[in-house]
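For reference, the structure is listed below as structure tokens.
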Amino acid sequence: MTDRVAAFVRVSGPPNSSFLVGYPGISATLPRIEGKVEIRPQQGYSAPVAISLIRICLQRRETIHPAAENMAKRHLGTPRREATDVVGKELLLYRCAPGKEADSVMAMDLPFVLFIPFGRGGEETNRRIPPASLQLPSRTAETYYELVVTVQQGQSVQNKYAFPVPLQRYDTLSTFGMYNRPVTKTSTSDNIVTLVISLPRWSYGPTDPITVYIKLAPNLDWMAKARKVAVKSITLAIEEEITYNPEGDDPTKKVNRIQKHVQNVGMKLSEDGYVTNMDVIFPHKDLRDSNGIIRRGQSGFPNYEATSFTTTSTLYKIEFFLNIKASMTSARDITLRQRIVICPLDHQACKEEMDAIEQAAKDASSVDQANPMLPARNIVLANDSNALATLGLCLVGGQKKPLIE
């Protein structure tokens, strides 16, 4: 009888907080998912449920469909590709006693903690830091996480229940010291003129200004030719480069120019060269509607102000570059490409997150990964003496009635 009663399954996080504890990408905070799996009868809340085994894992689903942006290609191009991986390890939360097919359960609360990998781990996929949840326009690429609870009810019935979990990454914050070191790069096309660029920092977020110091320097050994050179214009552009199937046999790249600024110069090149600063603002996506209300996001994806950001997944990789082009007369044009990091948070938001990250690292220092302290499990079996009382019921004349204490 009991094996016919379907289980109602719910996953709840800690009180007044989300499932996710710590900051994925920052190992000192021990990023983890905390919560409890709740099992109740699906129908008739006092009917017992047969439970043999319960497992939980964090699952990542990735899909790519490079042709999805174009209606014609969508039908004629390659179909959508999908990859599914378990992040970290699957946990066994409950197993009935050996020799029994199932336990007859009234109610069950099973606390759990799933640690999210925070090591690079080389080729070991299950040790890599998982990439952030992201959905590109037209779903050309997507990374989606869900908690998957497997419930075995007797030998024949096994059901899986999925609960979306948005996951962000915090190792590209523009406030980290490694991104605040100046970067310099040079390029020349015909040895007459050299293009030199310098960036004060190289991680940016939505609405952040990107300032580039630019110098065009003549080759002093070839001054006779260099004096004839005139600088027509300098173009500064931000390029998004998406590589589909980067680890596969035939990776394909798509470059989108997402912002451009042109400075018209029209000057002859002197011995001192030509020096300028150029600014471009990284574009942002407005999360508010015309009434100023923040739109409700999808349950599996955080509300990002950036359409995309620097990330590497199994099926796709997104990188960003500054493309600087100097157009000249009497000398070849020079183009220089410099890699930058784009973070989903702007610089101010990164600053505001730093104290919370520090606190999370302090909190994590007392957590033992091998033996995390979890609240006690709560399991009410059908034959427990107070089974009905835990559900707020009692037997009166053979009928179940609300328990009034």
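Ligands are numbered from 1 in the order shown, residues from 1 within each chain, and chains are lettered A, B, ... in the order they appear in the structure tokens.
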Can you build me a table of segment 214-320 of chain A residues sitting at most 8 Å from segment 133-136 of chain A, with the closest atom pair per residue and its distance in Å to one decimal, using only C-alpha atoms, sorted by chain and residue number, as a tab-separated table?
residue	atom	partner	partner_atom	distance
A:Gly300	CA	A:Ser133	CA	7.5
A:Phe301	CA	A:Ser133	CA	5.8
A:Pro302	CA	A:Ser133	CA	7.2
A:Thr307	CA	A:Leu136	CA	6.9
A:Ser308	CA	A:Leu136	CA	6.8
Excluding Ile64 of chain A and any residue of its chain fewer than 6 positions from it, enumerate the residues within 9 Å of it, using only C-alpha atoms, and give them as a ChimeraX atom specification. /A:79-82,139-142,244-245,315-316
Residues of the last selection are to be written out with N, CA and C atoms, as a PDB file, in the first residue's frame.
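Result went into selection_11.pdb, see below:
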ATOM      1  N   PRO A  79      22.792  21.026 -34.632  1.00  0.00           N
ATOM      2  CA  PRO A  79      21.796  21.065 -33.559  1.00  0.00           C
ATOM      3  C   PRO A  79      22.420  21.488 -32.225  1.00  0.00           C
ATOM      4  N   ARG A  80      21.577  21.756 -31.260  1.00  0.00           N
ATOM      5  CA  ARG A  80      22.036  22.147 -29.924  1.00  0.00           C
ATOM      6  C   ARG A  80      22.827  21.000 -29.291  1.00  0.00           C
ATOM      7  N   ARG A  81      23.990  21.339 -28.727  1.00  0.00           N
ATOM      8  CA  ARG A  81      24.795  20.339 -28.025  1.00  0.00           C
ATOM      9  C   ARG A  81      24.619  20.513 -26.531  1.00  0.00           C
ATOM     10  N   GLU A  82      24.654  19.406 -25.809  1.00  0.00           N
ATOM     11  CA  GLU A  82      24.428  19.471 -24.360  1.00  0.00           C
ATOM     12  C   GLU A  82      25.445  18.605 -23.628  1.00  0.00           C
ATOM     13  N   ARG A 139      19.896  32.007 -26.377  1.00  0.00           N
ATOM     14  CA  ARG A 139      20.395  30.748 -25.798  1.00  0.00           C
ATOM     15  C   ARG A 139      21.474  30.114 -26.684  1.00  0.00           C
ATOM     16  N   THR A 140      22.355  30.969 -27.247  1.00  0.00           N
ATOM     17  CA  THR A 140      23.463  30.419 -28.033  1.00  0.00           C
ATOM     18  C   THR A 140      24.399  29.621 -27.131  1.00  0.00           C
ATOM     19  N   ALA A 141      24.484  29.994 -25.846  1.00  0.00           N
ATOM     20  CA  ALA A 141      25.263  29.232 -24.871  1.00  0.00           C
ATOM     21  C   ALA A 141      24.600  29.403 -23.511  1.00  0.00           C
ATOM     22  N   GLU A 142      24.699  28.360 -22.701  1.00  0.00           N
ATOM     23  CA  GLU A 142      23.980  28.387 -21.422  1.00  0.00           C
ATOM     24  C   GLU A 142      24.678  27.469 -20.414  1.00  0.00           C
ATOM     25  N   TYR A 244      33.122  28.497 -29.287  1.00  0.00           N
ATOM     26  CA  TYR A 244      32.241  27.359 -29.058  1.00  0.00           C
ATOM     27  C   TYR A 244      33.047  26.070 -29.207  1.00  0.00           C
ATOM     28  N   ASN A 245      32.802  25.130 -28.291  1.00  0.00           N
ATOM     29  CA  ASN A 245      33.488  23.837 -28.317  1.00  0.00           C
ATOM     30  C   ASN A 245      35.008  23.990 -28.243  1.00  0.00           C
ATOM     31  N   LEU A 315      31.855  23.600 -22.898  1.00  0.00           N
ATOM     32  CA  LEU A 315      31.390  23.735 -24.275  1.00  0.00           C
ATOM     33  C   LEU A 315      31.610  25.130 -24.872  1.00  0.00           C
ATOM     34  N   TYR A 316      31.935  26.118 -24.046  1.00  0.00           N
ATOM     35  CA  TYR A 316      32.171  27.461 -24.598  1.00  0.00           C
ATOM     36  C   TYR A 316      33.095  28.260 -23.690  1.00  0.00           C
TER      37      TYR A 316
END
Taking 4 positions as the minimum chain separation for residues in the same chain, which residues sit within 12 Å of Ile238 of chain A when counting only C-alpha atoms? Answer as JSON, numbers by chain. {"A": [204, 209, 210, 211, 212, 255, 256, 257, 258, 259, 260, 261, 279, 280, 281, 282, 283, 319, 320, 321, 322, 323, 324, 325, 336, 337, 338, 339, 340, 341, 342]}
Take the residues from that selection and write them out as a tab-separated table (two decimals), in the first residue's frame, keeping N, CA and C atoms.
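Written file, selection.tsv:
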chain	number	residue	atom	x	y	z
A	204	TYR	N	37.24	44.89	-15.37
A	204	TYR	CA	36.20	45.92	-15.42
A	204	TYR	C	34.83	45.27	-15.35
A	209	PRO	N	34.48	52.81	-16.50
A	209	PRO	CA	35.26	53.41	-17.58
A	209	PRO	C	36.57	52.66	-17.79
A	210	ILE	N	36.91	52.41	-19.05
A	210	ILE	CA	38.19	51.76	-19.39
A	210	ILE	C	39.08	52.84	-19.99
A	211	THR	N	40.15	53.18	-19.27
A	211	THR	CA	41.07	54.24	-19.71
A	211	THR	C	42.34	53.61	-20.25
A	212	VAL	N	42.74	54.03	-21.46
A	212	VAL	CA	43.94	53.49	-22.09
A	212	VAL	C	44.89	54.64	-22.41
A	255	VAL	N	33.36	36.81	-33.00
A	255	VAL	CA	33.81	38.06	-32.37
A	255	VAL	C	32.72	39.12	-32.53
A	256	ASN	N	32.29	39.69	-31.41
A	256	ASN	CA	31.29	40.77	-31.43
A	256	ASN	C	31.95	42.06	-30.95
A	257	ARG	N	31.81	43.11	-31.73
A	257	ARG	CA	32.32	44.42	-31.28
A	257	ARG	C	31.20	45.08	-30.49
A	258	ILE	N	31.42	45.28	-29.18
A	258	ILE	CA	30.32	45.74	-28.34
A	258	ILE	C	30.40	47.22	-27.96
A	259	GLN	N	31.54	47.86	-28.22
A	259	GLN	CA	31.65	49.31	-27.95
A	259	GLN	C	32.82	49.85	-28.75
A	260	LYS	N	32.69	51.09	-29.25
A	260	LYS	CA	33.76	51.66	-30.08
A	260	LYS	C	33.85	53.17	-29.85
A	261	HIS	N	35.11	53.67	-29.82
A	261	HIS	CA	35.32	55.12	-29.71
A	261	HIS	C	36.43	55.50	-30.69
A	279	ASP	N	39.09	56.89	-23.50
A	279	ASP	CA	38.16	56.24	-22.57
A	279	ASP	C	37.02	55.61	-23.33
A	280	VAL	N	36.56	54.47	-22.82
A	280	VAL	CA	35.35	53.85	-23.34
A	280	VAL	C	34.64	53.22	-22.14
A	281	ILE	N	33.31	53.35	-22.11
A	281	ILE	CA	32.53	52.81	-20.99
A	281	ILE	C	32.04	51.41	-21.35
A	282	PHE	N	32.26	50.43	-20.45
A	282	PHE	CA	31.74	49.10	-20.74
A	282	PHE	C	30.22	49.14	-20.60
A	283	PRO	N	29.48	48.67	-21.63
A	283	PRO	CA	28.01	48.82	-21.60
A	283	PRO	C	27.37	47.96	-20.51
A	319	GLU	N	35.86	35.46	-23.90
A	319	GLU	CA	37.00	36.33	-23.56
A	319	GLU	C	36.73	37.73	-24.11
A	320	PHE	N	37.43	38.70	-23.53
A	320	PHE	CA	37.26	40.09	-23.96
A	320	PHE	C	38.63	40.69	-24.28
A	321	PHE	N	38.63	41.57	-25.31
A	321	PHE	CA	39.86	42.21	-25.75
A	321	PHE	C	39.60	43.69	-26.02
A	322	LEU	N	40.63	44.50	-25.79
A	322	LEU	CA	40.63	45.88	-26.27
A	322	LEU	C	41.37	45.86	-27.60
A	323	ASN	N	40.74	46.40	-28.64
A	323	ASN	CA	41.35	46.47	-29.95
A	323	ASN	C	41.67	47.93	-30.24
A	324	ILE	N	42.97	48.24	-30.35
A	324	ILE	CA	43.40	49.63	-30.61
A	324	ILE	C	44.01	49.68	-32.01
A	325	LYS	N	43.46	50.55	-32.85
A	325	LYS	CA	43.97	50.66	-34.22
A	325	LYS	C	44.37	52.10	-34.51
A	336	LEU	N	46.57	46.65	-32.37
A	336	LEU	CA	47.05	45.95	-31.18
A	336	LEU	C	45.85	45.42	-30.39
A	337	ARG	N	45.95	44.19	-29.92
A	337	ARG	CA	44.84	43.56	-29.20
A	337	ARG	C	45.31	43.18	-27.80
A	338	GLN	N	44.62	43.68	-26.79
A	338	GLN	CA	45.01	43.42	-25.40
A	338	GLN	C	43.86	42.74	-24.65
A	339	ARG	N	44.15	41.59	-24.05
A	339	ARG	CA	43.13	40.86	-23.29
A	339	ARG	C	42.78	41.61	-22.00
A	340	ILE	N	41.49	41.69	-21.68
A	340	ILE	CA	41.03	42.24	-20.41
A	340	ILE	C	40.04	41.25	-19.78
A	341	VAL	N	39.75	41.45	-18.51
A	341	VAL	CA	38.80	40.60	-17.80
A	341	VAL	C	37.54	41.40	-17.53
A	342	ILE	N	36.38	40.82	-17.84
A	342	ILE	CA	35.10	41.47	-17.57
A	342	ILE	C	34.40	40.71	-16.44
Nearest to Pro66 of chain A by atom-to-atom distance, counting only C-alpha atoms, from A:Ala162, A:Ala306, A:Ile242, A:Met373: A:Ile242
Compile the contact shell of segment 329-334 of chain A as a PyMOL selection string: residues with an atom at most 10 Å away, counting only C-alpha atoms, same-chain residues fewer than 6 positions apart removed. chain A and resi 187-195+216+225-234+266+268
Which residues come within 9 Å of Glu146 of chain A, counting only C-alpha atoms, excluding same-chain residues fewer than 3 positions away, as a ChimeraX atom specification? /A:57-61,162-166,300
Do a neighbour search on Glu34 of chain A at 7 Å with only C-alpha atoms, toss out local chain neighbours closer than 6 positions, and write the hits as a ChimeraX atom specification. /A:13-14,19-21,112-114
Please give the complete set of residues from segment 214-326 of chain A that DSSP, run on the backbone, assigns to helix (DSSP H, G or I), formatted as a PyMOL selection string. chain A and resi 220-226
Compile the contact shell of Asn378 of chain A as a PyMOL selection string: residues with an atom at most 9 Å away, counting only C-alpha atoms, same-chain residues fewer than 3 positions apart removed. chain A and resi 107-111
Written selection (C-alpha atoms) as a PDB file, in the first residue's frame:
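Wrote it out as result-v5.pdb, contents follow:
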ATOM      1  CA  ALA A 107       8.051  12.764   7.553  1.00  0.00           C
ATOM      2  CA  MET A 108      11.729  13.281   6.935  1.00  0.00           C
ATOM      3  CA  ASP A 109      14.116  16.285   7.204  1.00  0.00           C
ATOM      4  CA  LEU A 110      17.657  15.494   6.080  1.00  0.00           C
ATOM      5  CA  PRO A 111      20.266  18.298   6.425  1.00  0.00           C
TER       6      PRO A 111
END
Could you make a table, as CSV, of the residues of segment 24-139 of chain A that have an atom within 6 Å of an atom of segment 345-368 of chain A, each with its nearest atom pair and distance in Å to one decimal, counting only C-alpha atoms, in chain and number order?
residue,atom,partner,partner_atom,distance
A:Ala28,CA,A:Ala361,CA,5.2
A:Thr29,CA,A:Ala361,CA,4.1
A:Leu30,CA,A:Ala364,CA,5.8
Please dump the current selection as a tab-separated table (two decimals), in the first residue's frame; keep N, CA and C atoms.
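The file below, selection19.tsv, is the result:
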chain	number	residue	atom	x	y	z
A	28	ALA	N	39.26	30.41	0.14
A	28	ALA	CA	39.28	30.68	1.59
A	28	ALA	C	37.88	30.71	2.19
A	29	THR	N	36.84	30.93	1.36
A	29	THR	CA	35.47	31.02	1.89
A	29	THR	C	34.76	29.65	1.89
A	30	LEU	N	35.47	28.58	1.47
A	30	LEU	CA	34.87	27.23	1.39
A	30	LEU	C	33.47	27.27	0.78
Backbone-only DSSP, strand (DSSP E or B) members of segment 219-317 of chain A, as a ChimeraX atom specification: /A:230-244,252-268,274-281,288,294,311-312,316-317
Could you check which of A:Ser198, A:Ser138, A:Gln263, A:Ser270 is closest to Met223 of chain A, using only C-alpha atoms? A:Ser270
